[in-house]
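Trainee: One file: start_26.cif (mmCIF, C-alpha atoms and all ligand atoms).
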data_data
loop_
_atom_site.label_atom_id
_atom_site.label_comp_id
_atom_site.auth_asym_id
_atom_site.auth_seq_id
_atom_site.Cartn_x
_atom_site.Cartn_y
_atom_site.Cartn_z
CA MET A 10 68.92 -67.60 -102.40
CA SER A 11 68.52 -64.78 -104.85
CA GLY A 12 65.44 -62.82 -105.71
CA VAL A 13 64.74 -64.45 -109.09
CA LEU A 14 61.71 -66.15 -107.64
CA LEU A 15 60.30 -63.11 -106.09
CA TRP A 16 57.02 -62.28 -107.64
CA VAL A 17 57.22 -62.49 -111.36
CA VAL A 18 53.91 -60.65 -111.63
CA CYS A 19 52.00 -60.47 -114.89
CA PRO A 20 50.70 -57.11 -116.08
CA LYS A 21 47.47 -57.05 -114.08
CA GLY A 22 44.73 -56.64 -116.67
CA ASN A 23 46.38 -59.21 -118.87
CA ALA A 24 46.56 -61.76 -116.09
CA THR A 25 42.88 -61.38 -115.24
CA ALA A 26 41.75 -61.70 -118.82
CA LEU A 27 43.91 -64.66 -119.55
CA PHE A 28 43.67 -66.60 -116.35
CA SER A 29 40.00 -66.17 -115.48
CA LEU A 30 39.27 -68.89 -117.99
CA ILE A 31 40.98 -71.57 -115.94
CA PRO A 32 38.40 -74.04 -114.69
CA THR A 33 37.79 -74.19 -110.95
CA SER A 34 38.79 -77.32 -109.15
CA GLY A 35 35.31 -78.78 -109.05
CA LYS A 36 33.12 -80.22 -106.35
CA LYS A 37 34.96 -81.96 -103.55
CA PRO A 38 33.97 -85.47 -102.76
CA LYS A 39 32.18 -86.07 -99.50
CA ARG A 40 34.44 -86.33 -96.50
CA CYS A 41 35.05 -89.96 -95.61
CA PHE A 42 37.42 -89.56 -92.73
CA LYS A 43 37.41 -87.38 -89.72
CA GLY A 44 40.73 -85.66 -90.32
CA VAL A 45 39.93 -82.79 -92.66
CA SER A 46 41.51 -80.20 -90.44
CA ALA A 47 43.36 -82.97 -88.68
CA ILE A 48 46.41 -80.97 -87.85
CA SER A 49 44.87 -77.83 -86.40
CA SER A 50 42.14 -79.69 -84.55
CA ALA A 51 44.62 -82.22 -83.28
CA VAL A 52 46.81 -79.55 -81.73
CA ALA A 53 43.99 -79.14 -79.23
CA ASN A 54 44.29 -82.84 -78.41
CA PRO A 55 47.87 -83.40 -77.27
CA ALA A 56 47.09 -87.01 -76.29
CA ARG A 57 47.45 -88.05 -79.93
CA SER A 58 50.91 -88.34 -81.41
CA SER A 59 51.92 -86.27 -84.43
CA GLU A 60 52.11 -89.46 -86.44
CA GLU A 61 48.46 -90.22 -85.70
CA LYS A 62 47.41 -86.69 -86.59
CA VAL A 63 49.31 -86.77 -89.86
CA TYR A 64 47.90 -90.17 -90.72
CA ASP A 65 44.42 -88.61 -90.71
CA VAL A 66 45.59 -86.36 -93.52
CA VAL A 67 47.04 -89.35 -95.39
CA LEU A 68 43.69 -91.13 -95.17
CA LYS A 69 41.89 -88.08 -96.43
CA GLN A 70 44.24 -87.67 -99.39
CA ALA A 71 43.90 -91.34 -100.27
CA ALA A 72 40.11 -91.09 -100.08
CA LEU A 73 40.12 -88.09 -102.41
CA VAL A 74 42.19 -89.76 -105.08
CA LYS A 75 39.88 -92.79 -105.03
CA GLN A 76 36.94 -90.57 -106.01
CA PRO A 77 37.64 -88.63 -109.20
CA ARG A 78 36.10 -85.18 -109.05
CA ALA A 79 33.35 -84.11 -111.39
CA LEU A 80 35.82 -81.88 -113.18
CA ASP A 81 38.29 -84.71 -113.79
CA LEU A 82 35.56 -86.81 -115.34
CA GLU A 83 34.51 -83.90 -117.53
CA LYS A 84 38.11 -83.39 -118.62
CA ARG A 85 38.50 -87.03 -119.47
CA ASN A 86 35.41 -86.72 -121.62
CA GLY A 87 37.09 -83.80 -123.34
CA LYS A 88 34.45 -81.24 -122.35
CA THR A 89 36.57 -78.55 -120.73
CA ASP A 90 39.27 -76.59 -122.32
CA GLY A 91 40.90 -74.44 -119.60
CA PHE A 92 43.26 -71.82 -121.01
CA ALA A 93 42.64 -69.34 -123.76
CA ASP A 94 46.29 -68.73 -124.52
CA TRP A 95 48.30 -71.92 -124.59
CA ASN A 96 51.51 -70.14 -125.50
CA LEU A 97 51.42 -68.10 -122.32
CA LEU A 98 50.65 -71.18 -120.29
CA ASN A 99 53.55 -73.02 -121.91
CA GLU A 100 55.77 -70.07 -121.13
CA ALA A 101 54.63 -70.21 -117.49
CA TYR A 102 55.50 -73.89 -117.25
CA ASP A 103 58.86 -73.32 -118.96
CA ARG A 104 59.66 -70.63 -116.42
CA CYS A 105 58.83 -73.10 -113.62
CA GLY A 106 61.24 -75.56 -115.22
CA GLU A 107 63.98 -72.93 -115.35
CA VAL A 108 63.49 -72.10 -111.68
CA CYS A 109 63.61 -75.78 -110.72
CA ALA A 110 66.79 -76.27 -112.80
CA GLU A 111 68.41 -73.27 -111.16
CA TYR A 112 67.50 -74.00 -107.55
CA ALA A 113 67.31 -77.78 -107.27
CA LYS A 114 69.59 -79.62 -109.65
CA THR A 115 68.91 -83.00 -108.08
CA PHE A 116 65.12 -82.72 -108.28
CA TYR A 117 65.42 -81.28 -111.77
CA LEU A 118 67.43 -84.28 -112.87
CA GLY A 119 64.64 -86.50 -111.47
CA THR A 120 61.98 -84.56 -113.37
CA LEU A 121 63.84 -85.06 -116.66
CA LEU A 122 63.06 -88.76 -116.30
CA MET A 123 59.29 -88.10 -116.26
CA THR A 124 56.75 -87.84 -119.05
CA SER A 125 56.58 -84.22 -120.27
CA GLU A 126 53.04 -83.66 -118.89
CA ARG A 127 53.97 -84.86 -115.41
CA ARG A 128 57.30 -83.06 -115.49
CA ARG A 129 55.73 -79.66 -115.97
CA ALA A 130 53.13 -80.34 -113.29
CA VAL A 131 55.92 -81.22 -110.84
CA TRP A 132 57.82 -78.07 -111.84
CA ALA A 133 54.72 -75.99 -111.04
CA ILE A 134 54.39 -77.67 -107.63
CA TYR A 135 58.13 -77.26 -107.04
CA VAL A 136 58.00 -73.53 -107.74
CA TRP A 137 55.05 -72.95 -105.43
CA CYS A 138 56.86 -74.88 -102.64
CA ARG A 139 60.10 -72.99 -103.23
CA ARG A 140 58.37 -69.60 -103.17
CA THR A 141 56.58 -70.58 -99.98
CA ASP A 142 59.88 -71.57 -98.37
CA GLU A 143 61.53 -68.38 -99.63
CA LEU A 144 58.99 -66.34 -97.69
CA VAL A 145 60.60 -67.41 -94.44
CA ASP A 146 64.10 -68.30 -95.68
CA GLY A 147 64.72 -65.88 -98.52
CA PRO A 148 66.21 -62.39 -98.70
CA ASN A 149 62.98 -60.72 -97.48
CA ALA A 150 62.40 -63.16 -94.63
CA SER A 151 62.94 -60.57 -91.91
CA HIS A 152 59.88 -58.65 -93.18
CA ILE A 153 57.60 -61.66 -93.22
CA THR A 154 54.83 -61.67 -90.65
CA PRO A 155 52.05 -64.18 -89.98
CA ARG A 156 49.76 -61.78 -91.85
CA ALA A 157 51.92 -62.06 -94.96
CA LEU A 158 51.51 -65.83 -94.74
CA ASP A 159 47.74 -65.34 -94.40
CA ARG A 160 47.81 -63.32 -97.62
CA TRP A 161 49.86 -66.07 -99.32
CA GLU A 162 47.20 -68.56 -98.18
CA LYS A 163 44.42 -66.40 -99.58
CA ARG A 164 46.29 -66.32 -102.84
CA LEU A 165 46.48 -70.13 -102.73
CA ASP A 166 42.70 -70.33 -102.22
CA ASP A 167 42.21 -68.09 -105.25
CA LEU A 168 44.57 -70.14 -107.35
CA PHE A 169 42.67 -73.33 -106.52
CA LYS A 170 39.47 -71.55 -107.54
CA GLY A 171 41.04 -70.79 -110.92
CA ARG A 172 42.06 -67.20 -110.14
CA PRO A 173 45.89 -67.18 -110.18
CA TYR A 174 47.73 -63.99 -109.36
CA ASP A 175 50.74 -64.35 -111.64
CA MET A 176 52.25 -66.61 -114.28
CA LEU A 177 53.82 -69.07 -111.91
CA ASP A 178 50.57 -69.44 -109.98
CA ALA A 179 48.80 -69.92 -113.29
CA ALA A 180 50.94 -72.96 -114.06
CA LEU A 181 49.94 -74.47 -110.71
CA ALA A 182 46.29 -73.51 -111.23
CA ASP A 183 46.39 -75.44 -114.50
CA THR A 184 48.07 -78.41 -112.80
CA VAL A 185 45.53 -78.65 -109.98
CA SER A 186 42.72 -78.48 -112.51
CA LYS A 187 44.16 -81.48 -114.36
CA TYR A 188 45.26 -83.76 -111.53
CA PRO A 189 43.30 -84.67 -108.39
CA VAL A 190 45.56 -82.57 -106.17
CA ASP A 191 43.96 -81.39 -102.91
CA ILE A 192 44.58 -78.01 -101.30
CA GLN A 193 45.16 -79.39 -97.78
CA PRO A 194 48.88 -80.30 -98.14
CA PHE A 195 49.55 -76.83 -99.59
CA LYS A 196 47.81 -75.19 -96.64
CA ASP A 197 49.73 -77.41 -94.28
CA MET A 198 53.01 -76.34 -95.86
CA ILE A 199 52.10 -72.70 -95.15
CA GLU A 200 51.38 -73.82 -91.57
CA GLY A 201 54.96 -75.16 -91.46
CA MET A 202 56.25 -71.73 -92.45
CA ARG A 203 54.16 -70.19 -89.64
CA LEU A 204 55.86 -72.63 -87.30
CA ASP A 205 59.28 -71.54 -88.61
CA LEU A 206 58.40 -67.94 -87.73
CA ARG A 207 57.61 -68.69 -84.11
CA LYS A 208 59.63 -71.76 -83.17
CA SER A 209 63.36 -72.47 -83.24
CA ARG A 210 63.61 -75.49 -80.90
CA TYR A 211 61.98 -78.92 -80.95
CA MET A 212 61.60 -80.67 -77.61
CA ASN A 213 61.29 -84.19 -78.98
CA PHE A 214 60.89 -86.18 -82.17
CA ASP A 215 57.12 -85.94 -82.02
CA GLU A 216 57.37 -82.16 -82.43
CA LEU A 217 59.99 -82.49 -85.14
CA TYR A 218 57.90 -85.06 -87.01
CA LEU A 219 55.01 -82.61 -87.24
CA TYR A 220 57.33 -79.90 -88.58
CA CYS A 221 58.76 -82.34 -91.14
CA TYR A 222 55.25 -83.27 -92.23
CA TYR A 223 54.33 -79.63 -92.71
CA VAL A 224 57.33 -78.62 -94.78
CA ALA A 225 58.18 -81.85 -96.61
CA GLY A 226 55.75 -84.71 -96.02
CA THR A 227 53.20 -82.45 -97.69
CA VAL A 228 55.32 -82.47 -100.88
CA GLY A 229 54.93 -86.24 -101.04
CA LEU A 230 51.15 -85.90 -100.69
CA MET A 231 51.03 -83.20 -103.38
CA SER A 232 53.12 -85.31 -105.77
CA VAL A 233 51.26 -88.65 -105.72
CA PRO A 234 48.26 -87.47 -107.77
CA VAL A 235 50.69 -86.24 -110.43
CA MET A 236 52.99 -89.27 -110.33
CA GLY A 237 49.92 -91.52 -110.57
CA ILE A 238 49.18 -94.83 -108.92
CA ALA A 239 49.70 -98.10 -110.79
CA PRO A 240 46.39 -99.31 -112.23
CA GLU A 241 47.32 -102.83 -111.15
CA LEU A 242 47.91 -101.59 -107.58
CA LYS A 243 48.28 -104.49 -105.14
CA ALA A 244 48.57 -102.51 -101.93
CA SER A 245 46.09 -99.94 -100.60
CA VAL A 246 46.05 -96.33 -101.82
CA GLU A 247 46.73 -95.30 -98.20
CA SER A 248 49.98 -97.23 -98.23
CA VAL A 249 51.16 -95.35 -101.34
CA TYR A 250 50.43 -92.01 -99.67
CA ASN A 251 52.12 -93.25 -96.54
CA ALA A 252 55.26 -94.07 -98.53
CA ALA A 253 55.18 -90.66 -100.19
CA LEU A 254 54.84 -89.02 -96.79
CA ALA A 255 57.81 -91.08 -95.57
CA LEU A 256 59.92 -89.89 -98.51
CA GLY A 257 59.17 -86.27 -97.64
CA ILE A 258 60.02 -86.85 -93.97
CA ALA A 259 63.21 -88.73 -94.89
CA ASN A 260 64.30 -85.88 -97.18
CA GLN A 261 63.65 -83.25 -94.54
CA LEU A 262 65.45 -85.19 -91.80
CA THR A 263 68.37 -85.48 -94.21
CA ASN A 264 68.21 -81.72 -94.89
CA ILE A 265 68.25 -81.03 -91.17
CA LEU A 266 71.25 -83.33 -90.58
CA ARG A 267 73.15 -81.81 -93.49
CA ASP A 268 72.46 -78.21 -92.44
CA VAL A 269 73.14 -78.37 -88.67
CA GLY A 270 75.93 -75.74 -88.81
CA GLU A 271 74.11 -73.44 -91.23
CA ASP A 272 70.91 -73.55 -89.15
CA ALA A 273 72.82 -72.96 -85.90
CA ARG A 274 74.33 -69.81 -87.40
CA ARG A 275 70.73 -68.59 -87.83
CA GLY A 276 69.95 -69.50 -84.22
CA ARG A 277 67.98 -72.62 -85.17
CA VAL A 278 68.32 -76.10 -83.74
CA TYR A 279 65.94 -78.58 -85.32
CA LEU A 280 67.45 -81.61 -83.55
CA PRO A 281 65.24 -82.99 -80.76
CA GLN A 282 66.35 -81.52 -77.43
CA ASP A 283 65.60 -84.67 -75.41
CA GLU A 284 67.69 -86.80 -77.77
CA LEU A 285 70.62 -84.37 -77.61
CA ALA A 286 70.43 -84.56 -73.81
CA ARG A 287 70.36 -88.37 -73.90
CA PHE A 288 73.75 -88.25 -75.66
CA GLY A 289 75.10 -85.71 -73.15
CA LEU A 290 74.79 -82.84 -75.64
CA SER A 291 73.11 -79.43 -75.60
CA ASP A 292 72.63 -76.39 -77.85
CA ASP A 293 76.03 -75.11 -76.64
CA ASP A 294 77.77 -78.11 -78.20
CA ILE A 295 76.09 -77.30 -81.47
CA PHE A 296 77.07 -73.63 -81.37
CA ARG A 297 80.64 -74.68 -80.47
CA GLY A 298 80.61 -76.99 -83.49
CA GLN A 299 83.16 -79.57 -82.42
CA VAL A 300 82.96 -83.13 -83.67
CA THR A 301 83.33 -85.27 -80.55
CA ASP A 302 82.58 -88.95 -79.97
CA ARG A 303 79.31 -87.95 -78.32
CA TRP A 304 78.38 -86.04 -81.44
CA ARG A 305 79.36 -88.96 -83.70
CA ASN A 306 77.21 -91.37 -81.68
CA PHE A 307 74.29 -88.95 -81.69
CA MET A 308 74.60 -88.49 -85.45
CA LYS A 309 74.75 -92.25 -86.06
CA ASP A 310 71.42 -92.56 -84.29
CA GLN A 311 69.86 -89.70 -86.29
CA ILE A 312 71.13 -91.08 -89.60
CA LYS A 313 69.74 -94.50 -88.73
CA ARG A 314 66.28 -93.00 -88.24
CA ALA A 315 66.41 -91.03 -91.48
CA ARG A 316 67.35 -94.25 -93.31
CA MET A 317 64.36 -96.00 -91.75
CA PHE A 318 62.08 -93.41 -93.33
CA PHE A 319 63.79 -93.92 -96.71
CA SER A 320 63.19 -97.68 -96.34
CA GLU A 321 59.53 -97.02 -95.57
CA ALA A 322 59.31 -94.89 -98.71
CA GLU A 323 60.89 -97.61 -100.86
CA LYS A 324 57.94 -99.88 -100.20
CA GLY A 325 55.62 -97.57 -102.10
CA VAL A 326 57.61 -96.80 -105.24
CA SER A 327 56.63 -99.95 -107.09
CA GLU A 328 52.96 -99.05 -106.48
CA LEU A 329 53.33 -95.84 -108.49
CA ASN A 330 52.48 -95.60 -112.15
CA SER A 331 55.34 -97.32 -114.01
CA ALA A 332 56.36 -94.09 -115.79
CA SER A 333 56.99 -92.40 -112.42
CA ARG A 334 59.06 -95.09 -110.71
CA TRP A 335 62.39 -94.21 -112.27
CA PRO A 336 62.37 -90.51 -111.30
CA VAL A 337 61.17 -91.28 -107.77
CA TRP A 338 63.81 -93.99 -107.30
CA ALA A 339 66.43 -91.58 -108.67
CA SER A 340 65.49 -88.81 -106.26
CA LEU A 341 65.31 -91.25 -103.34
CA LEU A 342 68.75 -92.73 -104.04
CA LEU A 343 70.31 -89.33 -104.69
CA TYR A 344 68.94 -87.72 -101.56
CA ARG A 345 69.76 -90.70 -99.36
CA GLN A 346 73.40 -90.48 -100.44
CA ILE A 347 73.66 -87.19 -98.58
CA LEU A 348 73.56 -89.32 -95.42
CA ASP A 349 76.53 -91.34 -96.72
CA ALA A 350 78.32 -88.06 -97.42
CA ILE A 351 77.79 -86.94 -93.80
CA GLU A 352 79.43 -90.19 -92.67
CA GLU A 353 82.29 -89.67 -95.15
CA ASN A 354 82.80 -86.20 -93.62
CA ASP A 355 83.26 -87.96 -90.26
CA TYR A 356 79.99 -86.35 -89.05
CA ASN A 357 81.30 -82.82 -89.43
CA ASN A 358 78.06 -81.15 -90.41
CA PHE A 359 79.07 -77.95 -88.64
CA SER A 360 81.48 -76.58 -91.20
CA LYS A 361 81.57 -79.11 -94.05
CA ARG A 362 78.58 -79.41 -96.37
CA ALA A 363 77.70 -83.00 -97.27
CA TYR A 364 77.60 -83.17 -101.02
CA VAL A 365 76.95 -85.85 -103.63
CA GLY A 366 79.31 -85.41 -106.58
CA LYS A 367 78.20 -85.35 -110.23
CA LEU A 368 79.74 -88.73 -110.97
CA LYS A 369 77.85 -90.43 -108.14
CA LYS A 370 74.68 -88.64 -109.19
CA PHE A 371 74.87 -89.91 -112.75
CA ALA A 372 75.91 -93.39 -111.62
CA SER A 373 72.68 -93.55 -109.58
CA LEU A 374 70.47 -93.12 -112.64
CA PRO A 375 70.95 -96.62 -114.13
CA VAL A 376 70.67 -98.12 -110.62
CA ALA A 377 67.36 -96.28 -110.19
CA TYR A 378 66.27 -97.50 -113.62
CA GLY A 379 67.04 -101.08 -112.61
CA ARG A 380 65.03 -100.70 -109.42
CA ALA A 381 62.13 -99.20 -111.30
CA LEU A 382 62.09 -102.21 -113.63
CA MET A 383 62.55 -104.83 -110.97
CA GLY A 384 60.73 -103.34 -108.02
CA THR A 385 63.52 -104.49 -105.69
CA SER A 386 65.32 -102.44 -103.12
CA LYS A 387 68.64 -103.51 -101.61
CA PHE A 388 71.68 -102.29 -103.59
CA ILE A 389 72.74 -98.80 -102.56
C1 LIG B 401 55.20 -93.57 -103.18
C2 LIG B 401 56.26 -92.55 -103.28
C3 LIG B 401 57.53 -92.84 -102.61
C4 LIG B 401 56.02 -91.43 -103.96
C5 LIG B 401 56.94 -90.33 -104.18
C6 LIG B 401 56.38 -89.03 -103.69
C7 LIG B 401 57.34 -87.89 -103.90
C8 LIG B 401 57.66 -87.49 -105.28
C9 LIG B 401 57.85 -87.28 -102.84
C10 LIG B 401 58.78 -86.14 -102.92
C11 LIG B 401 59.20 -85.74 -101.56
C12 LIG B 401 60.07 -84.50 -101.60
C13 LIG B 401 60.88 -84.21 -102.79
C14 LIG B 401 60.08 -83.70 -100.51
C15 LIG B 401 60.85 -82.43 -100.45
C16 LIG B 401 61.40 -82.25 -99.07
C17 LIG B 401 62.17 -80.95 -98.94
C18 LIG B 401 63.51 -80.92 -99.51
C19 LIG B 401 61.60 -79.91 -98.30
C20 LIG B 401 62.21 -78.60 -98.15
C21 LIG B 401 61.73 -77.80 -97.06
C22 LIG B 401 62.32 -76.79 -96.18
O1 LIG B 401 63.65 -77.12 -95.93
P1 LIG B 401 64.80 -76.12 -95.54
O2 LIG B 401 64.30 -74.74 -95.48
O3 LIG B 401 65.44 -76.69 -94.35
O4 LIG B 401 65.72 -76.36 -96.75
P2 LIG B 401 66.41 -75.39 -97.82
O5 LIG B 401 67.76 -75.14 -97.30
O6 LIG B 401 65.57 -74.18 -97.98
O7 LIG B 401 66.42 -76.21 -99.10
C23 LIG B 401 61.61 -77.42 -98.42
C24 LIG B 401 62.50 -76.41 -98.98
C25 LIG B 401 60.13 -77.20 -98.71
C26 LIG B 401 59.86 -76.95 -100.14
C27 LIG B 401 60.15 -78.15 -100.98
C28 LIG B 401 60.68 -78.03 -102.18
C29 LIG B 401 61.04 -76.74 -102.76
C30 LIG B 401 60.89 -79.29 -103.00
C31 LIG B 401 59.63 -79.69 -103.78
C32 LIG B 401 60.05 -80.73 -104.73
C33 LIG B 401 59.28 -81.25 -105.69
C34 LIG B 401 57.85 -80.88 -105.90
C35 LIG B 401 59.94 -82.18 -106.64
C36 LIG B 401 59.59 -83.63 -106.45
C37 LIG B 401 60.25 -84.29 -107.58
C38 LIG B 401 60.83 -85.49 -107.59
C39 LIG B 401 61.50 -85.94 -108.81
C40 LIG B 401 60.86 -86.38 -106.43
MN MN B 402 64.47 -73.22 -96.78
#
Once you've parsed the file, please lay out its structure as structure tokens.

Mentor:
Amino acid sequence: MSGVLLWVVCPKGNATALFSLIPTSGKKPKRCFKGVSAISSAVANPARSSEEKVYDVVLKQAALVKQPRALDLEKRNGKTDGFADWNLLNEAYDRCGEVCAEYAKTFYLGTLLMTSERRRAVWAIYVWCRRTDELVDGPNASHITPRALDRWEKRLDDLFKGRPYDMLDAALADTVSKYPVDIQPFKDMIEGMRLDLRKSRYMNFDELYLYCYYVAGTVGLMSVPVMGIAPELKASVESVYNAALALGIANQLTNILRDVGEDARRGRVYLPQDELARFGLSDDDIFRGQVTDRWRNFMKDQIKRARMFFSEAEKGVSELNSASRWPVWASLLLYRQILDAIEENDYNNFSKRAYVGKLKKFASLPVAYGRALMGTSKFI
């Protein structure tokens, strides 16, 4: 990807003057569950599965959203007024929208179905995620060290305290001051990038699951507070977060299955080694890139699992605020069709990119709308 994203830095003095007025994110509610640093502490306890460790984070996120922070209450009472220069803030959000439109047409399409307030918040989150990913995947990736990621994390801390470094950070700082978004999933995404720097093989699905949580499940957790939970919620808040996590994992598994060839050319194999071996396959088969019956059978199994995560995610969409169901259904249906495209390519994900055409994309929108209205699931 090009360098458009790389550090659109505001003139320094200007940024400080303008952005120091952003409110800080307020007092955190008391910890209700034991998993605050669930992931890092759990690494020291290999007896627990990745799914258990990640669930601790889900519980914590759900607990946070149940207890509005002091700041949120103040805002609702109209007492705080954040930014001094609304035009600059609007410009920052617009720039986030442009970046999203340029880099992720499918997500962008989904965001167009949201209310304008939520849309710009999602754009700000999208841009932060994309920039984070670009650190390890972008044109300057070869210069990125763990220390650079530490600096990026420090910058994240500052942004959450209302001290953004540049315009794009300022949009996110504004978003996290308005919605009950917690810093933990953002930190965990940076942890995923650290993993990408030091690890290029995954021994089993448990290891891969943790990676998928870090780089994508986190996006689900970041998004729920913005999407909003239905006031008439029937299920538990945890189950909504769990569904959001599942959507992130499903998307990332789909990404991995679509990009097998591209990743192999960068020396990366995300597919679980033990599962490859069970189908009589190894890294060599992937580097050779030939579609054999073994490969087809292996891929069928992988696709089946990714679809199970999409099904898990479906269960939570109807528990979201009604205004957010359509965009989430749309993005779920659109992303899941990449799996169909892999099948249509006869499982050649070595040299043929699975792609969902414009016509299919647009045809999915009314289907998603129908699902959002009806809360049902089984058509596509
Ligand atoms: C209850 C319920 C179902 C709620 C919905 C919650 C929700 C909105 C979940 C969204 C989940 C989601 C969109 C996850 C993104 C997964 C993803 C694509 C991760 C990518 C990681 C690294 O992959 P890789 O390097 O292999 O891939 P590339 O070749 O580089 O693409 C990411 C790139 C990490 C960064 C993620 C993003 C840039 C996407 C962030 C997207 C949003 C904030 C938009 C969400 C908007 C809508 C409309 C769903
Ligand atoms: Mn990437």

Trainee: Counting all atoms listed in the file, note down every residue that has an atom within 10 Å of the point (60.5, -83.0, -79.3) (file coordinates), as a list in words.

Mentor: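 Those within range, by chain then number, are Arg210, Tyr211, Met212, Asn213, Phe214, Asp215, Glu216, Leu217, Tyr218, Leu219, Tyr279, Leu280, Pro281, Gln282, Asp283 and Glu284 of chain A.
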
Trainee: Using Å and a single decimal, report how far CA of Met236 (chain A) sits from CA of Ala255 (chain A).

Mentor: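 CA of Met236 (chain A) lies at a distance of 15.6 Å from CA of Ala255 (chain A).
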
Trainee: Of the candidates A:Asp103, A:Asp167, A:Asp310, A:Glu321, which shows the shortest atom-to-atom distance to ligand LIG 401 (chain B), using all atoms listed in the file?

Mentor: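 Of A:Asp103, A:Asp167, A:Asp310, A:Glu321, the one nearest ligand LIG 401 (chain B), counting all atoms listed in the file, is A:Glu321.
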
Trainee: Measuring between all atoms listed in the file, which one of A:Arg274, A:Arg267, A:Lys243, A:Lys114 shows the shortest distance to Ile347 (chain A)?

Mentor: A:Arg267

Trainee: Taking only C-alpha atoms and all ligand atoms into account, produce a table as a Markdown table in which each residue of chain A with an atom at most 12 Å from an atom of ligand MN 402 (chain B) appears once, together with its shortest atom pair and the distance in Å to one decimal, ordered by chain and rising number.

Mentor:
| residue | atom | partner | partner_atom | distance |
| --- | --- | --- | --- | --- |
| A:Met10 | CA | B:MN402 | MN | 9.1 |
| A:Tyr112 | CA | B:MN402 | MN | 11.2 |
| A:Ala113 | CA | B:MN402 | MN | 11.8 |
| A:Cys138 | CA | B:MN402 | MN | 9.7 |
| A:Arg139 | CA | B:MN402 | MN | 7.8 |
| A:Arg140 | CA | B:MN402 | MN | 9.5 |
| A:Thr141 | CA | B:MN402 | MN | 8.9 |
| A:Asp142 | CA | B:MN402 | MN | 5.1 |
| A:Glu143 | CA | B:MN402 | MN | 6.3 |
| A:Leu144 | CA | B:MN402 | MN | 8.8 |
| A:Val145 | CA | B:MN402 | MN | 7.4 |
| A:Asp146 | CA | B:MN402 | MN | 5.1 |
| A:Gly147 | CA | B:MN402 | MN | 7.5 |
| A:Pro148 | CA | B:MN402 | MN | 11.1 |
| A:Ala150 | CA | B:MN402 | MN | 10.5 |
| A:Met198 | CA | B:MN402 | MN | 11.9 |
| A:Gly201 | CA | B:MN402 | MN | 11.1 |
| A:Met202 | CA | B:MN402 | MN | 9.4 |
| A:Asp205 | CA | B:MN402 | MN | 9.8 |
| A:Val224 | CA | B:MN402 | MN | 9.2 |
| A:Ala225 | CA | B:MN402 | MN | 10.7 |
| A:Gln261 | CA | B:MN402 | MN | 10.3 |
| A:Asn264 | CA | B:MN402 | MN | 9.5 |
| A:Ile265 | CA | B:MN402 | MN | 10.3 |
| A:Asp268 | CA | B:MN402 | MN | 10.4 |
| A:Glu271 | CA | B:MN402 | MN | 11.1 |
| A:Asp272 | CA | B:MN402 | MN | 10.0 |
| A:Arg275 | CA | B:MN402 | MN | 11.9 |

Trainee: Please give me, as a CSV table (one decimal) with C-alpha atoms, in the frame of the given file, the residues lying within 6 Å of ligand LIG 401 (chain B) when counting only C-alpha atoms and all ligand atoms.

Mentor:
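Generated output (result-v1.csv):
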chain,number,residue,atom,x,y,z
A,116,PHE,CA,65.1,-82.7,-108.3
A,119,GLY,CA,64.6,-86.5,-111.5
A,120,THR,CA,62.0,-84.6,-113.4
A,131,VAL,CA,55.9,-81.2,-110.8
A,134,ILE,CA,54.4,-77.7,-107.6
A,135,TYR,CA,58.1,-77.3,-107.0
A,138,CYS,CA,56.9,-74.9,-102.6
A,139,ARG,CA,60.1,-73.0,-103.2
A,142,ASP,CA,59.9,-71.6,-98.4
A,224,VAL,CA,57.3,-78.6,-94.8
A,225,ALA,CA,58.2,-81.8,-96.6
A,228,VAL,CA,55.3,-82.5,-100.9
A,229,GLY,CA,54.9,-86.2,-101.0
A,232,SER,CA,53.1,-85.3,-105.8
A,233,VAL,CA,51.3,-88.6,-105.7
A,249,VAL,CA,51.2,-95.4,-101.3
A,252,ALA,CA,55.3,-94.1,-98.5
A,253,ALA,CA,55.2,-90.7,-100.2
A,256,LEU,CA,59.9,-89.9,-98.5
A,257,GLY,CA,59.2,-86.3,-97.6
A,260,ASN,CA,64.3,-85.9,-97.2
A,261,GLN,CA,63.6,-83.2,-94.5
A,264,ASN,CA,68.2,-81.7,-94.9
A,322,ALA,CA,59.3,-94.9,-98.7
A,325,GLY,CA,55.6,-97.6,-102.1
A,326,VAL,CA,57.6,-96.8,-105.2
A,336,PRO,CA,62.4,-90.5,-111.3
A,337,VAL,CA,61.2,-91.3,-107.8
A,340,SER,CA,65.5,-88.8,-106.3

Trainee: Pick out the residues sitting within 7 Å of Leu343 (chain A), and hand them over as a PyMOL selection string; count only C-alpha atoms, and ignore anything fewer than 3 positions along from it in its own chain.

Mentor: chain A and resi 339-340+346+370+373

Trainee: For each of A:Glu328, A:Val300, A:Phe359, A:Pro173, take the minimum atom-to-atom distance to Val278 (chain A), counting only C-alpha atoms, then give the residue where this is smallest.

Mentor: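 That would be A:Phe359, the residue with the smallest distance to Val278 (chain A).
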